[in-house]
>>> print(open('work-v9.pdb').read())   # PDB, C-alpha atoms, pLDDT in the B column
ATOM      1  CA  MET J  12     -19.412 -33.237  34.456  1.00 49.00           C
ATOM      2  CA  HIS J  13     -21.776 -33.010  31.489  1.00 50.00           C
ATOM      3  CA  GLN J  14     -21.859 -29.212  31.757  1.00 58.00           C
ATOM      4  CA  GLN J  15     -18.049 -29.031  31.692  1.00 57.00           C
ATOM      5  CA  GLY J  16     -17.985 -31.149  28.547  1.00 54.00           C
ATOM      6  CA  ALA J  17     -20.538 -28.873  26.898  1.00 52.00           C
ATOM      7  CA  GLN J  18     -18.519 -25.794  27.870  1.00 57.00           C
ATOM      8  CA  ALA J  19     -15.313 -27.335  26.518  1.00 51.00           C
ATOM      9  CA  TYR J  20     -17.106 -28.146  23.262  1.00 47.00           C
ATOM     10  CA  GLN J  21     -18.433 -24.583  22.980  1.00 52.00           C
ATOM     11  CA  GLN J  22     -14.978 -23.129  23.612  1.00 53.00           C
ATOM     12  CA  THR J  23     -13.403 -25.450  21.045  1.00 49.00           C
ATOM     13  CA  THR J  24     -16.128 -24.586  18.533  1.00 47.00           C
ATOM     14  CA  LYS J  25     -15.474 -20.870  19.052  1.00 54.00           C
ATOM     15  CA  ILE J  26     -11.720 -21.378  18.507  1.00 51.00           C
ATOM     16  CA  VAL J  27     -12.302 -23.392  15.330  1.00 51.00           C
ATOM     17  CA  GLU J  28     -14.920 -20.921  14.046  1.00 58.00           C
ATOM     18  CA  SER J  29     -12.673 -17.954  14.758  1.00 76.00           C
ATOM     19  CA  ALA J  30      -9.749 -19.672  12.993  1.00 75.00           C
ATOM     20  CA  ARG J  31     -11.956 -20.337   9.973  1.00 77.00           C
ATOM     21  CA  GLU J  32     -13.271 -16.787  10.031  1.00 85.00           C
ATOM     22  CA  ARG J  33      -9.707 -15.456  10.215  1.00 87.00           C
ATOM     23  CA  GLU J  34      -8.582 -17.675   7.331  1.00 86.00           C
ATOM     24  CA  SER J  35     -11.616 -16.627   5.312  1.00 89.00           C
ATOM     25  CA  ALA J  36     -10.922 -12.946   6.016  1.00 92.00           C
ATOM     26  CA  LEU J  37      -7.283 -13.316   4.946  1.00 93.00           C
ATOM     27  CA  LEU J  38      -8.289 -14.999   1.694  1.00 94.00           C
ATOM     28  CA  MET J  39     -10.837 -12.248   1.032  1.00 96.00           C
ATOM     29  CA  LYS J  40      -8.209  -9.592   1.773  1.00 96.00           C
ATOM     30  CA  ALA J  41      -5.807 -11.225  -0.685  1.00 97.00           C
ATOM     31  CA  ALA J  42      -8.572 -11.534  -3.296  1.00 97.00           C
ATOM     32  CA  ALA J  43      -9.479  -7.861  -2.826  1.00 97.00           C
ATOM     33  CA  GLY J  44      -5.839  -6.821  -3.251  1.00 97.00           C
ATOM     34  CA  LEU J  45      -5.494  -8.842  -6.456  1.00 98.00           C
ATOM     35  CA  GLN J  46      -8.822  -7.513  -7.749  1.00 98.00           C
ATOM     36  CA  ARG J  47      -7.745  -3.924  -7.010  1.00 97.00           C
ATOM     37  CA  VAL J  48      -4.523  -4.449  -8.986  1.00 97.00           C
ATOM     38  CA  LYS J  49      -6.578  -5.843 -11.873  1.00 97.00           C
ATOM     39  CA  ASP J  50      -9.104  -2.985 -11.716  1.00 97.00           C
ATOM     40  CA  GLU J  51      -6.325  -0.377 -11.633  1.00 96.00           C
ATOM     41  CA  TRP J  52      -4.118  -2.170 -14.172  1.00 96.00           C
ATOM     42  CA  ALA J  53      -3.696   0.833 -16.476  1.00 93.00           C
ATOM     43  CA  THR J  54      -2.476   3.112 -13.673  1.00 94.00           C
ATOM     44  CA  GLY J  55      -0.963   0.563 -11.312  1.00 91.00           C
ATOM     45  CA  THR J  56       2.686  -0.317 -10.972  1.00 92.00           C
ATOM     46  CA  ASP J  57       4.715  -3.487 -11.199  1.00 93.00           C
ATOM     47  CA  GLN J  58       5.342  -3.029  -7.474  1.00 96.00           C
ATOM     48  CA  ASP J  59       1.571  -3.114  -6.778  1.00 96.00           C
ATOM     49  CA  LEU J  60       1.285  -6.379  -8.690  1.00 97.00           C
ATOM     50  CA  ARG J  61       4.258  -7.920  -6.883  1.00 96.00           C
ATOM     51  CA  ALA J  62       2.944  -6.834  -3.471  1.00 97.00           C
ATOM     52  CA  ALA J  63      -0.504  -8.360  -4.087  1.00 98.00           C
ATOM     53  CA  LEU J  64       0.969 -11.596  -5.433  1.00 98.00           C
ATOM     54  CA  THR J  65       3.456 -11.836  -2.563  1.00 97.00           C
ATOM     55  CA  PHE J  66       0.713 -11.366   0.063  1.00 97.00           C
ATOM     56  CA  ASN J  67      -1.401 -14.055  -1.602  1.00 97.00           C
ATOM     57  CA  ARG J  68       1.572 -16.414  -1.841  1.00 96.00           C
ATOM     58  CA  LYS J  69       2.365 -15.956   1.866  1.00 95.00           C
ATOM     59  CA  ILE J  70      -1.197 -16.830   2.860  1.00 94.00           C
ATOM     60  CA  TRP J  71      -1.192 -19.944   0.700  1.00 94.00           C
ATOM     61  CA  THR J  72       2.224 -20.967   2.016  1.00 94.00           C
ATOM     62  CA  ILE J  73       0.793 -20.843   5.548  1.00 89.00           C
ATOM     63  CA  PHE J  74      -2.329 -22.812   4.527  1.00 85.00           C
ATOM     64  CA  MET J  75      -0.241 -25.450   2.797  1.00 88.00           C
ATOM     65  CA  ALA J  76       2.049 -25.791   5.810  1.00 89.00           C
ATOM     66  CA  ALA J  77      -0.938 -26.118   8.145  1.00 84.00           C
ATOM     67  CA  VAL J  78      -2.713 -28.814   6.153  1.00 82.00           C
ATOM     68  CA  THR J  79       0.394 -30.899   5.570  1.00 84.00           C
ATOM     69  CA  LYS J  80       1.250 -31.121   9.281  1.00 86.00           C
ATOM     70  CA  ASP J  81       0.734 -34.550  10.796  1.00 85.00           C
ATOM     71  CA  ASP J  82      -1.586 -33.119  13.460  1.00 85.00           C
ATOM     72  CA  SER J  83      -3.957 -31.453  10.973  1.00 80.00           C
ATOM     73  CA  PRO J  84      -7.544 -32.353  11.935  1.00 81.00           C
ATOM     74  CA  LEU J  85      -8.698 -32.301   8.318  1.00 78.00           C
ATOM     75  CA  PRO J  86      -9.420 -35.517   6.422  1.00 85.00           C
ATOM     76  CA  ALA J  87      -6.591 -36.646   4.132  1.00 87.00           C
ATOM     77  CA  GLU J  88      -8.584 -35.949   0.953  1.00 90.00           C
ATOM     78  CA  ILE J  89      -9.263 -32.312   1.924  1.00 85.00           C
ATOM     79  CA  ARG J  90      -5.643 -31.864   2.978  1.00 85.00           C
ATOM     80  CA  GLN J  91      -4.501 -33.154  -0.404  1.00 90.00           C
ATOM     81  CA  ASN J  92      -6.969 -30.923  -2.268  1.00 90.00           C
ATOM     82  CA  ILE J  93      -5.777 -27.812  -0.422  1.00 88.00           C
ATOM     83  CA  ALA J  94      -2.147 -28.747  -1.009  1.00 90.00           C
ATOM     84  CA  ASN J  95      -2.890 -29.252  -4.728  1.00 93.00           C
ATOM     85  CA  LEU J  96      -4.675 -25.892  -4.929  1.00 93.00           C
ATOM     86  CA  GLY J  97      -1.750 -24.278  -3.149  1.00 94.00           C
ATOM     87  CA  MET J  98       0.710 -25.716  -5.649  1.00 95.00           C
ATOM     88  CA  PHE J  99      -1.465 -24.501  -8.518  1.00 96.00           C
ATOM     89  CA  ILE J 100      -1.550 -21.014  -6.978  1.00 96.00           C
ATOM     90  CA  MET J 101       2.226 -21.016  -6.491  1.00 96.00           C
ATOM     91  CA  ASN J 102       2.724 -22.010 -10.132  1.00 97.00           C
ATOM     92  CA  GLN J 103       0.281 -19.373 -11.398  1.00 96.00           C
ATOM     93  CA  THR J 104       1.986 -16.732  -9.256  1.00 96.00           C
ATOM     94  CA  ARG J 105       5.408 -17.714 -10.565  1.00 96.00           C
ATOM     95  CA  GLU J 106       4.190 -17.554 -14.160  1.00 96.00           C
ATOM     96  CA  ILE J 107       2.738 -14.064 -13.674  1.00 96.00           C
ATOM     97  CA  LEU J 108       5.889 -12.812 -11.971  1.00 94.00           C
ATOM     98  CA  LEU J 109       8.135 -14.219 -14.704  1.00 95.00           C
ATOM     99  CA  ASP J 110       5.926 -12.962 -17.536  1.00 93.00           C
ATOM    100  CA  LEU J 111       7.530  -9.967 -19.218  1.00 92.00           C
ATOM    101  CA  ASN J 112       4.098  -8.718 -20.269  1.00 94.00           C
ATOM    102  CA  PRO J 113       1.568  -9.938 -17.675  1.00 95.00           C
ATOM    103  CA  GLN J 114      -2.110  -9.401 -18.398  1.00 96.00           C
ATOM    104  CA  PRO J 115      -4.794  -8.421 -15.866  1.00 97.00           C
ATOM    105  CA  GLN J 116      -6.977 -11.453 -16.632  1.00 97.00           C
ATOM    106  CA  GLN J 117      -4.192 -13.701 -15.314  1.00 97.00           C
ATOM    107  CA  LEU J 118      -5.294 -12.628 -11.832  1.00 98.00           C
ATOM    108  CA  ASP J 119      -8.876 -13.878 -12.326  1.00 98.00           C
ATOM    109  CA  VAL J 120      -8.198 -17.487 -11.344  1.00 97.00           C
ATOM    110  CA  LEU J 121      -6.374 -16.420  -8.150  1.00 97.00           C
ATOM    111  CA  VAL J 122      -9.186 -14.068  -7.149  1.00 98.00           C
ATOM    112  CA  ARG J 123     -11.850 -16.683  -7.902  1.00 97.00           C
ATOM    113  CA  LEU J 124     -10.100 -19.467  -5.964  1.00 95.00           C
ATOM    114  CA  ASN J 125      -9.540 -17.259  -2.929  1.00 96.00           C
ATOM    115  CA  ARG J 126     -13.187 -16.182  -2.903  1.00 96.00           C
ATOM    116  CA  GLN J 127     -14.449 -19.766  -3.305  1.00 94.00           C
ATOM    117  CA  ILE J 128     -12.245 -21.134  -0.519  1.00 91.00           C
ATOM    118  CA  ALA J 129     -13.176 -18.186   1.735  1.00 91.00           C
ATOM    119  CA  ALA J 130     -16.873 -18.883   1.119  1.00 92.00           C
ATOM    120  CA  GLY J 131     -16.325 -22.551   1.958  1.00 87.00           C
ATOM    121  CA  LEU J 132     -14.606 -21.634   5.206  1.00 81.00           C
ATOM    122  CA  ARG J 133     -17.557 -19.414   6.110  1.00 82.00           C
ATOM    123  CA  GLY J 134     -19.920 -22.251   5.250  1.00 80.00           C
ATOM    124  CA  SER J 135     -21.564 -20.207   2.475  1.00 65.00           C
TER     125      SER J 135
END
>>> encode(input="work-v9.pdb", output="structure tokens")
Amino acid sequence: MHQQGAQAYQQTTKIVESARERESALLMKAAAGLQRVKDEWATGTDQDLRAALTFNRKIWTIFMAAVTKDDSPLPAEIRQNIANLGMFIMNQTREILLDLNPQPQQLDVLVRLNRQIAAGLRGS
């Protein structure tokens, strides 16, 4: 019986770790896309900017939906913090998209937040 419990725990740990790793990888991918748009600002297109922002927004929409579900295993305070970050990211994204003359440094906060959350998910 004890061995079965240990195996179940290991399997659950692997599932949770792989979910965190996947979430971390998605955040890093979004951060890399935003950083690339910033780095190539002079030669990039409005379509590149929109694509990177849309990808980032989709990821954060999924995160926000996951943490606000009643069955989320996260503590309420962490759930609220992620939801607040998500709302901030949505607002920043909207501002950039509505800006008639967006600037590359507007992407810095989105890149930084994604990288910090990804590092937290990896336990770094």
>>> resolve_selection(input="work-v9.pdb", expression="the PyMOL selection byres ((chain J and resi 105) around 12)", output="list in words")
Arg61, Leu64, Thr65, Asn67, Arg68, Met98, Phe99, Ile100, Met101, Asn102, Gln103, Thr104, Glu106, Ile107, Leu108, Leu109, Asp110, Leu111, Pro113, Gln117 and Leu118 of chain J
>>> residues_around(input="work-v9.pdb", residues="Ala130 in chain J", least_positions_apart="4", cutoff="10 Å", atoms="all atoms listed in the file", output="ChimeraX atom specification")
/J:32,35-36,38-39,124-126,134-135
>>> closest_residue(input="work-v9.pdb", among="J:Met75, J:Val48, J:Leu60, J:Leu132", to="Ile93 in chain J", atoms="all atoms listed in the file")
J:Met75
>>> residues_near_point(input="work-v9.pdb", point="(-12.2, -28.4, 2.7)", cutoff="8 Å", atoms="only C-alpha atoms", output="list in words")
Leu85, Ile89, Arg90, Asn92, Ile93, Ile128, Gly131 and Leu132 of chain J
>>> atom_distance(input="work-v9.pdb", atom1="CA of Leu37 in chain J", atom2="CA of Trp71 in chain J")
10.0 Å
>>> closest_residue(input="work-v9.pdb", among="J:Asn112, J:Ser83, J:Thr72, J:Gln91", to="Asp57 in chain J", atoms="only C-alpha atoms")
J:Asn112
>>> atom_distance(input="work-v9.pdb", atom1="CA of Ala76 in chain J", atom2="CA of Arg47 in chain J")
27.2 Å
>>> atom_distance(input="work-v9.pdb", atom1="CA of Arg123 in chain J", atom2="CA of Leu45 in chain J")
10.2 Å
